[in-house]
>>> print(open('start.tsv').read())   # TSV, C-alpha atoms and all ligand atoms
chain	number	residue	atom	x	y	z
A	1	MET	CA	174.44	-6.66	55.20
A	2	THR	CA	173.36	-9.29	57.73
A	3	ASP	CA	169.81	-10.16	58.76
A	4	ASN	CA	170.35	-8.25	61.99
A	5	PRO	CA	168.09	-5.25	62.58
A	6	THR	CA	169.56	-1.99	61.31
A	7	VAL	CA	170.35	0.99	63.51
A	8	TYR	CA	171.03	4.34	61.88
A	9	VAL	CA	173.31	6.72	63.80
A	10	THR	CA	173.15	10.33	62.63
A	11	ARG	CA	176.72	11.18	63.75
A	12	THR	CA	179.62	9.36	65.33
A	13	ILE	CA	179.28	8.78	69.06
A	14	PRO	CA	182.00	7.34	71.33
A	15	GLU	CA	183.21	3.95	70.10
A	16	VAL	CA	182.13	2.13	73.26
A	17	GLY	CA	178.47	2.67	72.32
A	18	LEU	CA	178.96	1.81	68.66
A	19	ASP	CA	180.86	-1.39	69.59
A	20	ARG	CA	178.01	-2.46	71.81
A	21	LEU	CA	175.45	-1.79	69.07
A	22	ARG	CA	177.57	-3.66	66.49
A	23	GLU	CA	177.44	-6.82	68.62
A	24	ARG	CA	173.76	-7.20	67.79
A	25	PHE	CA	172.86	-4.92	64.94
A	26	GLU	CA	173.81	-3.71	61.50
A	27	VAL	CA	175.03	-0.24	62.44
A	28	VAL	CA	175.15	2.51	59.83
A	29	VAL	CA	176.95	5.60	61.09
A	30	ARG	CA	176.84	8.89	59.23
A	31	ASP	CA	180.45	9.93	59.75
A	32	GLU	CA	180.16	13.69	59.20
A	33	LYS	CA	181.01	16.68	61.39
A	34	LEU	CA	177.78	18.60	60.76
A	35	PRO	CA	174.22	17.43	61.48
A	36	PRO	CA	172.24	15.88	58.63
A	37	THR	CA	169.19	17.59	57.21
A	38	LYS	CA	165.88	16.16	58.29
A	39	ASP	CA	165.25	14.99	54.70
A	40	HIS	CA	168.51	13.09	54.77
A	41	VAL	CA	167.54	11.28	57.97
A	42	VAL	CA	164.11	10.47	56.55
A	43	SER	CA	165.55	9.01	53.37
A	44	ARG	CA	168.28	7.02	55.13
A	45	LEU	CA	165.80	5.52	57.61
A	46	ALA	CA	163.53	4.53	54.72
A	47	GLU	CA	166.35	3.08	52.58
A	48	LEU	CA	167.71	1.08	55.49
A	49	ASP	CA	164.36	-0.06	56.90
A	50	ALA	CA	165.91	0.95	60.18
A	51	GLU	CA	164.50	-0.41	63.43
A	52	GLY	CA	166.58	1.91	65.59
A	53	LEU	CA	167.68	5.54	65.30
A	54	VAL	CA	170.44	7.05	67.40
A	55	CYS	CA	170.32	10.84	67.17
A	56	LEU	CA	171.82	13.94	68.77
A	57	LEU	CA	170.24	17.07	70.20
A	58	SER	CA	170.97	18.83	66.89
A	59	ASP	CA	168.57	16.52	65.00
A	60	GLU	CA	164.91	17.43	64.84
A	61	ILE	CA	162.91	14.26	65.34
A	62	ASP	CA	159.33	14.94	64.28
A	63	ALA	CA	156.48	12.95	62.77
A	64	ALA	CA	158.15	12.84	59.33
A	65	VAL	CA	161.24	11.20	60.79
A	66	LEU	CA	159.23	8.85	62.98
A	67	ASP	CA	157.18	7.73	59.95
A	68	ALA	CA	160.20	7.26	57.66
A	69	SER	CA	160.75	3.58	58.37
A	70	PRO	CA	157.74	1.35	59.08
A	71	ASP	CA	159.95	-0.81	61.31
A	72	LEU	CA	161.28	1.99	63.50
A	73	SER	CA	160.73	0.92	67.10
A	74	VAL	CA	163.15	3.11	69.06
A	75	VAL	CA	164.82	6.51	68.93
A	76	SER	CA	167.70	6.97	71.36
A	77	THR	CA	169.02	10.47	71.79
A	78	PHE	CA	172.56	11.10	72.96
A	79	SER	CA	171.32	13.75	75.41
A	80	VAL	CA	169.21	14.12	78.50
A	81	GLY	CA	167.23	16.98	76.93
A	82	CYS	CA	164.47	15.86	74.55
A	83	ASP	CA	163.17	19.20	73.33
A	84	HIS	CA	164.25	18.20	69.80
A	85	VAL	CA	162.07	15.06	69.84
A	86	ASP	CA	158.32	15.15	69.34
A	87	LEU	CA	157.55	12.89	72.29
A	88	ALA	CA	153.80	12.98	71.76
A	89	ALA	CA	154.23	11.85	68.14
A	90	ALA	CA	156.56	9.02	69.22
A	91	SER	CA	154.16	7.91	71.92
A	92	ALA	CA	151.22	7.95	69.49
A	93	ARG	CA	153.17	5.67	67.15
A	94	GLY	CA	154.35	3.31	69.89
A	95	ILE	CA	157.98	4.27	69.23
A	96	ALA	CA	160.13	4.16	72.35
A	97	VAL	CA	162.43	7.11	73.11
A	98	GLY	CA	165.64	6.62	75.07
A	99	HIS	CA	167.78	9.40	76.53
A	100	THR	CA	170.66	9.85	78.98
A	101	PRO	CA	169.46	11.21	82.32
A	102	GLY	CA	171.52	11.19	85.49
A	103	VAL	CA	174.91	10.41	84.03
A	104	LEU	CA	175.70	13.97	82.99
A	105	THR	CA	174.39	15.67	86.13
A	106	GLU	CA	177.70	16.14	87.94
A	107	THR	CA	179.67	16.89	84.77
A	108	THR	CA	177.25	19.64	83.75
A	109	ALA	CA	177.27	21.09	87.28
A	110	ASP	CA	181.08	21.19	87.04
A	111	LEU	CA	180.79	23.30	83.90
A	112	ALA	CA	178.23	25.65	85.44
A	113	TRP	CA	180.82	26.27	88.14
A	114	ALA	CA	183.60	26.69	85.60
A	115	LEU	CA	181.58	29.47	83.94
A	116	LEU	CA	180.61	31.02	87.26
A	117	MET	CA	184.21	31.10	88.44
A	118	THR	CA	185.62	32.29	85.16
A	119	CYS	CA	183.11	35.15	84.93
A	120	ALA	CA	183.76	36.19	88.53
A	121	ARG	CA	187.54	35.92	88.44
A	122	ARG	CA	187.94	36.95	84.81
A	123	THR	CA	190.29	34.15	83.83
A	124	VAL	CA	189.56	34.35	80.09
A	125	GLU	CA	190.36	38.06	80.12
A	126	GLY	CA	193.44	37.31	82.18
A	127	HIS	CA	194.71	34.85	79.63
A	128	ALA	CA	194.11	37.28	76.77
A	129	TYR	CA	195.91	40.01	78.73
A	130	VAL	CA	198.99	37.84	79.07
A	131	ALA	CA	198.85	36.45	75.53
A	132	ASP	CA	198.44	39.99	74.13
A	133	ASP	CA	201.63	41.02	75.92
A	134	GLU	CA	199.86	43.59	78.08
A	135	TRP	CA	201.22	42.20	81.37
A	136	GLU	CA	203.87	44.72	82.35
A	137	THR	CA	203.58	44.63	86.12
A	138	TRP	CA	201.42	43.50	89.04
A	139	GLY	CA	198.42	45.81	89.30
A	140	PRO	CA	196.40	46.70	92.45
A	141	THR	CA	193.12	46.89	90.53
A	142	LEU	CA	193.98	44.66	87.61
A	143	LEU	CA	191.09	42.38	86.59
A	144	THR	CA	189.28	42.60	89.88
A	145	GLY	CA	185.95	40.83	90.18
A	146	PRO	CA	183.49	39.79	92.86
A	147	ASP	CA	184.21	37.22	95.53
A	148	VAL	CA	182.54	33.88	95.01
A	149	HIS	CA	182.77	32.79	98.62
A	150	ASP	CA	180.04	34.13	100.92
A	151	ALA	CA	178.03	35.32	97.90
A	152	THR	CA	174.42	34.43	97.11
A	153	LEU	CA	173.78	31.77	94.50
A	154	GLY	CA	170.34	31.67	92.89
A	155	ILE	CA	169.38	28.42	91.18
A	156	ILE	CA	166.44	28.54	88.78
A	157	GLY	CA	165.23	24.94	88.48
A	158	LEU	CA	166.28	22.70	91.36
A	159	GLY	CA	166.28	19.41	89.42
A	160	ASN	CA	169.23	17.03	89.27
A	161	ILE	CA	171.71	19.44	87.71
A	162	GLY	CA	170.44	22.44	89.68
A	163	THR	CA	170.86	20.48	92.91
A	164	ALA	CA	174.35	19.29	91.96
A	165	THR	CA	175.29	22.89	91.15
A	166	ALA	CA	173.86	24.09	94.48
A	167	ARG	CA	175.69	21.33	96.37
A	168	ARG	CA	179.04	22.64	95.14
A	169	ALA	CA	178.28	25.98	96.82
A	170	ALA	CA	178.99	24.34	100.20
A	171	GLY	CA	182.69	24.68	99.51
A	172	PHE	CA	182.28	28.43	99.10
A	173	ASP	CA	180.02	29.13	102.12
A	174	MET	CA	177.40	30.58	99.83
A	175	ASP	CA	173.85	31.49	100.60
A	176	VAL	CA	171.71	29.37	98.26
A	177	ARG	CA	168.23	30.26	97.00
A	178	TYR	CA	166.16	28.51	94.42
A	179	SER	CA	163.00	29.06	92.47
A	180	GLY	CA	160.85	26.81	90.33
A	181	ARG	CA	157.28	25.69	89.84
A	182	SER	CA	157.05	24.39	93.40
A	183	ARG	CA	159.02	24.03	96.59
A	184	LYS	CA	161.13	20.86	96.73
A	185	PRO	CA	161.51	19.72	100.35
A	186	GLU	CA	163.31	16.50	99.33
A	187	ARG	CA	165.95	18.54	97.47
A	188	GLU	CA	166.27	20.89	100.44
A	189	ASP	CA	166.90	17.83	102.66
A	190	GLU	CA	169.49	16.51	100.21
A	191	LEU	CA	171.31	19.85	100.30
A	192	ALA	CA	170.97	20.15	104.07
A	193	GLU	CA	173.17	17.05	104.36
A	194	PHE	CA	175.92	19.15	102.82
A	195	GLY	CA	175.28	22.03	105.19
A	196	ILE	CA	173.31	24.06	102.66
A	197	ASP	CA	170.16	25.77	103.77
A	198	ALA	CA	168.50	26.21	100.36
A	199	THR	CA	165.66	28.71	100.54
A	200	TYR	CA	162.73	28.55	98.14
A	201	VAL	CA	161.90	32.02	96.91
A	202	ASP	CA	159.80	33.65	94.27
A	203	ARG	CA	161.72	34.06	91.00
A	204	ASP	CA	161.65	37.86	91.12
A	205	GLU	CA	163.16	37.80	94.59
A	206	LEU	CA	165.83	35.35	93.48
A	207	LEU	CA	166.75	37.54	90.52
A	208	ALA	CA	166.93	40.66	92.68
A	209	GLU	CA	168.98	39.12	95.50
A	210	SER	CA	171.42	36.74	93.84
A	211	ASP	CA	175.02	37.57	93.01
A	212	PHE	CA	175.06	34.57	90.67
A	213	VAL	CA	172.00	33.23	88.85
A	214	SER	CA	172.39	29.77	87.34
A	215	LEU	CA	169.74	28.33	85.00
A	216	HIS	CA	168.77	24.65	85.18
A	217	VAL	CA	165.31	24.37	83.68
A	218	PRO	CA	164.43	22.14	80.73
A	219	LEU	CA	163.29	23.96	77.59
A	220	THR	CA	159.50	23.96	77.44
A	221	GLU	CA	156.88	26.42	76.28
A	222	ALA	CA	156.83	27.79	79.83
A	223	THR	CA	160.59	28.29	80.10
A	224	ALA	CA	161.33	29.66	76.61
A	225	GLY	CA	162.39	33.28	77.08
A	226	LEU	CA	162.16	32.98	80.87
A	227	VAL	CA	165.12	35.32	81.28
A	228	ASP	CA	163.75	38.25	79.33
A	229	GLU	CA	164.17	42.02	79.52
A	230	ALA	CA	162.09	42.29	82.70
A	231	ALA	CA	163.99	39.47	84.42
A	232	LEU	CA	167.35	40.98	83.53
A	233	ARG	CA	166.18	44.36	84.80
A	234	ARG	CA	165.44	42.79	88.18
A	235	MET	CA	168.99	41.49	88.53
A	236	SER	CA	171.67	43.50	90.26
A	237	GLU	CA	174.15	45.37	88.07
A	238	ASP	CA	176.90	43.33	89.74
A	239	ALA	CA	175.19	40.01	89.06
A	240	ILE	CA	176.49	37.21	86.87
A	241	LEU	CA	174.18	34.99	84.81
A	242	VAL	CA	175.18	31.40	83.99
A	243	ASN	CA	173.28	29.26	81.48
A	244	THR	CA	174.05	25.58	80.97
A	245	SER	CA	170.44	24.56	80.20
A	246	ARG	CA	169.15	25.56	76.76
A	247	GLY	CA	169.89	28.77	74.87
A	248	GLU	CA	166.23	29.59	74.28
A	249	VAL	CA	165.65	29.99	78.02
A	250	VAL	CA	167.37	33.38	77.70
A	251	ASP	CA	166.14	36.10	75.35
A	252	THR	CA	169.35	36.78	73.44
A	253	ASP	CA	168.46	40.33	72.36
A	254	ALA	CA	167.50	41.23	75.92
A	255	LEU	CA	170.78	39.82	77.22
A	256	ASP	CA	172.70	41.70	74.56
A	257	ALA	CA	171.04	44.94	75.68
A	258	ALA	CA	171.56	44.17	79.39
A	259	LEU	CA	175.28	43.58	78.83
A	260	ALA	CA	175.56	46.74	76.71
A	261	THR	CA	173.90	48.98	79.29
A	262	GLY	CA	175.52	47.32	82.30
A	263	GLU	CA	172.22	46.10	83.68
A	264	ILE	CA	174.06	42.94	84.70
A	265	ALA	CA	177.80	42.51	85.10
A	266	ARG	CA	178.56	39.39	83.09
A	267	ALA	CA	177.19	36.22	81.58
A	268	GLY	CA	178.67	32.77	81.11
A	269	LEU	CA	176.85	30.76	78.48
A	270	ASP	CA	177.36	27.16	77.44
A	271	VAL	CA	174.16	27.25	75.39
A	272	THR	CA	172.97	29.99	73.09
A	273	ASP	CA	170.12	31.04	70.86
A	274	PRO	CA	170.95	30.70	68.02
A	275	GLU	CA	173.11	27.66	68.49
A	276	PRO	CA	175.77	27.46	67.22
A	277	LEU	CA	176.43	31.16	67.81
A	278	PRO	CA	178.13	32.59	64.69
A	279	ALA	CA	181.41	34.42	65.34
A	280	ASP	CA	179.92	37.63	63.92
A	281	HIS	CA	176.88	37.51	66.21
A	282	PRO	CA	176.35	40.88	68.00
A	283	LEU	CA	176.44	39.17	71.40
A	284	LEU	CA	180.09	38.32	70.93
A	285	ARG	CA	181.13	41.96	70.85
A	286	HIS	CA	180.87	41.79	74.67
A	287	ALA	CA	183.41	38.97	74.98
A	288	PRO	CA	185.50	38.44	77.00
A	289	GLU	CA	184.98	41.45	79.31
A	290	ARG	CA	181.31	40.75	79.89
A	291	LEU	CA	180.67	37.46	78.23
A	292	VAL	CA	182.23	34.01	78.13
A	293	VAL	CA	180.75	31.46	75.75
A	294	THR	CA	181.55	27.76	75.45
A	295	PRO	CA	180.16	25.54	72.68
A	296	HIS	CA	177.56	23.44	74.56
A	297	ILE	CA	180.13	21.28	76.34
A	298	GLY	CA	178.30	20.81	79.65
A	299	SER	CA	178.43	17.02	79.48
A	300	ALA	CA	181.77	16.87	77.68
A	301	SER	CA	183.94	14.83	79.99
A	302	THR	CA	185.36	11.70	78.42
A	303	GLU	CA	183.83	9.47	81.11
A	304	THR	CA	180.38	11.00	80.79
A	305	ARG	CA	180.30	10.94	77.01
A	306	ASN	CA	181.34	7.26	77.08
A	307	GLU	CA	178.59	6.48	79.57
A	308	MET	CA	176.07	8.37	77.44
A	309	ALA	CA	177.10	6.23	74.46
A	310	GLU	CA	176.55	3.05	76.50
A	311	MET	CA	173.16	4.32	77.62
A	312	VAL	CA	171.91	5.01	74.11
A	313	ALA	CA	173.13	1.56	73.05
A	314	ALA	CA	171.29	-0.05	75.98
A	315	CYS	CA	168.10	1.88	75.15
A	316	THR	CA	168.33	0.92	71.49
A	317	GLU	CA	168.77	-2.76	72.35
A	318	ALA	CA	165.78	-2.71	74.70
A	319	GLY	CA	163.61	-0.84	72.19
A	320	ILE	CA	164.36	-3.25	69.35
A	321	ASP	CA	163.79	-6.21	71.70
A	322	GLY	CA	160.42	-4.73	72.72
A	323	GLU	CA	161.57	-4.46	76.33
A	324	PRO	CA	161.06	-1.46	78.64
A	325	LEU	CA	163.84	1.05	78.09
A	326	PRO	CA	166.33	1.51	80.93
A	327	HIS	CA	166.09	5.29	80.38
A	328	SER	CA	162.79	6.14	78.77
A	329	ALA	CA	162.04	9.78	77.92
A	330	LEU	CA	158.36	8.92	77.50
A	331	ARG	CA	158.22	7.42	80.99
A	332	ASP	CA	160.04	10.42	82.41
A	333	ALA	CA	157.54	12.72	80.70
A	334	GLY	CA	154.60	10.71	82.07
A	335	MET	CA	153.64	9.52	78.59
A	336	GLU	CA	154.17	5.79	79.05
B	401	LIG	C1	171.88	17.21	77.11
B	401	LIG	O1	172.21	16.02	77.22
B	401	LIG	O2	170.71	17.56	76.99
B	401	LIG	C2	172.98	18.23	77.12
B	401	LIG	O3	172.54	19.47	76.78
B	401	LIG	C3	174.15	17.80	76.24
B	401	LIG	O4	174.75	16.71	76.80
>>> encode(input="start.tsv", output="structure tokens")
Amino acid sequence: MTDNPTVYVTRTIPEVGLDRLRERFEVVVRDEKLPPTKDHVVSRLAELDAEGLVCLLSDEIDAAVLDASPDLSVVSTFSVGCDHVDLAAASARGIAVGHTPGVLTETTADLAWALLMTCARRTVEGHAYVADDEWETWGPTLLTGPDVHDATLGIIGLGNIGTATARRAAGFDMDVRYSGRSRKPEREDELAEFGIDATYVDRDELLAESDFVSLHVPLTEATAGLVDEAALRRMSEDAILVNTSRGEVVDTDALDAALATGEIARAGLDVTDPEPLPADHPLLRHAPERLVVTPHIGSASTETRNEMAEMVAACTEAGIDGEPLPHSALRDAGME
């Protein structure tokens, strides 16, 4: 051990971030596949007298964790979403919180489109059909699905990722609608530059009129269960739901029922509730005909994950140095 401040990292992140941290700090990485228990994090922070904590979205960072080491000055999460961090508790203790906004916007929008396209054009089913040796001849109605071009895309939550997802619709001549807490003229202008006339509508109207509904809201008390039984009932029976935000935004039981009764056509989920989704979960009986699930890989491009690692390292450095964080979750939440 050196006299350098100690940073505890709950799971391995890309080497580029760890290398940067190692230049200045004693870095202790918990090299395990599964997340640690909260008690484990608390005891490691205390044993190490850690000044910095690098965590993932699968770690719950509450008051007990924040109080574990008296020297803890910064928590940097390898995610843009901070619903797993008690921001108010961190702010009350003067502990800075870093996160990774911006960098994963385009990558996550790419995945929203991957799910949208795969649900519409049934590529996962197509692969299974071939692999299962069912492909005997070309078929006039084999694996038909809706057109993506000229369809209506409904974006719930026109933030960074919602806007990036909407922007991609320009290549498909889609009609774009969005809903959210308020109209966003600056986002509409941004999209207009790409030839998209994004119309702000009431959420019920968006649900009723969209061929594809893509969710891009952060998880808050207001958005938990936002897509519930009533919302799913409003959607067209040909509609496809895409979720790359947080699993809890969709009521899983309601979605299960909607897929079973054909209230909506299909769903593409990168996030689930529960997460991870166990292989014997009832929802998976719909796959792949009505459901495609990926394991929360929205930001999983090599470039983006490397940049995220650099960002958490930069936030950790700034926090330990007592400098303003380059990407502060408290500032972004208006708590700084
Ligand atoms: C995030 O960062 O919040 C994503 O869900 C994972 O990258």
>>> residues_around(input="start.tsv", residues="segment 19-29 of chain A", least_positions_apart="4", cutoff="9 Å", atoms="only C-alpha atoms", output="ChimeraX atom specification")
/A:1-15,48,310,313-314,316-317
>>> residues_near_ligand(input="start.tsv", ligand="ligand LIG 401 (chain B)", cutoff="7 Å", atoms="only C-alpha atoms and all ligand atoms", output="PyMOL selection string")
chain A and resi 57+78-82+100+104+245-246+296-299
>>> atom_distance(input="start.tsv", atom1="atom CA of Pro278 of chain A", atom2="atom CA of Thr252 of chain A")
13.1 Å
>>> residues_around(input="start.tsv", residues="segment 177-193 of chain A", least_positions_apart="4", cutoff="12 Å", atoms="all atoms listed in the file", output="MDAnalysis selection string")
chainID A and resid 151:170 197:218 222:223 226
>>> atom_distance(input="start.tsv", atom1="atom CA of Glu248 of chain A", atom2="atom CA of Pro276 of chain A")
12.1 Å
>>> closest_residue(input="start.tsv", among="A:Leu115, A:Ala257, A:Cys315, A:Ala109", to="Val54 of chain A", atoms="only C-alpha atoms")
A:Cys315
>>> atom_distance(input="start.tsv", atom1="atom CA of Gly268 of chain A", atom2="atom CA of Gly171 of chain A")
20.5 Å
>>> closest_residue(input="start.tsv", among="A:Ala88, A:Ala114, A:Leu291, A:Val103", to="Leu255 of chain A", atoms="only C-alpha atoms")
A:Leu291
>>> closest_residue(input="start.tsv", among="A:Thr123, A:Ser328, A:Asn243, A:Thr294", to="Ser76 of chain A", atoms="only C-alpha atoms")
A:Ser328
>>> closest_residue(input="start.tsv", among="A:Arg266, A:Val312, A:Val293, A:Val242", to="Ala112 of chain A", atoms="all atoms listed in the file")
A:Val242
>>> residues_around(input="start.tsv", residues="Leu143 of chain A", least_positions_apart="6", cutoff="9 Å", atoms="only C-alpha atoms", output="tab-separated table (two decimals) with C-alpha atoms, in the coordinates of the input")
chain	number	residue	atom	x	y	z
A	121	ARG	CA	187.54	35.92	88.44
A	122	ARG	CA	187.94	36.95	84.81
A	123	THR	CA	190.29	34.15	83.83
A	125	GLU	CA	190.36	38.06	80.12
A	126	GLY	CA	193.44	37.31	82.18
>>> closest_residue(input="start.tsv", among="A:Val85, A:Val292, A:Leu325, A:Ala68", to="Leu56 of chain A", atoms="only C-alpha atoms")
A:Val85
>>> closest_residue(input="start.tsv", among="A:Leu259, A:Ala318, A:Met174, A:Ala329", to="Leu241 of chain A", atoms="only C-alpha atoms")
A:Leu259
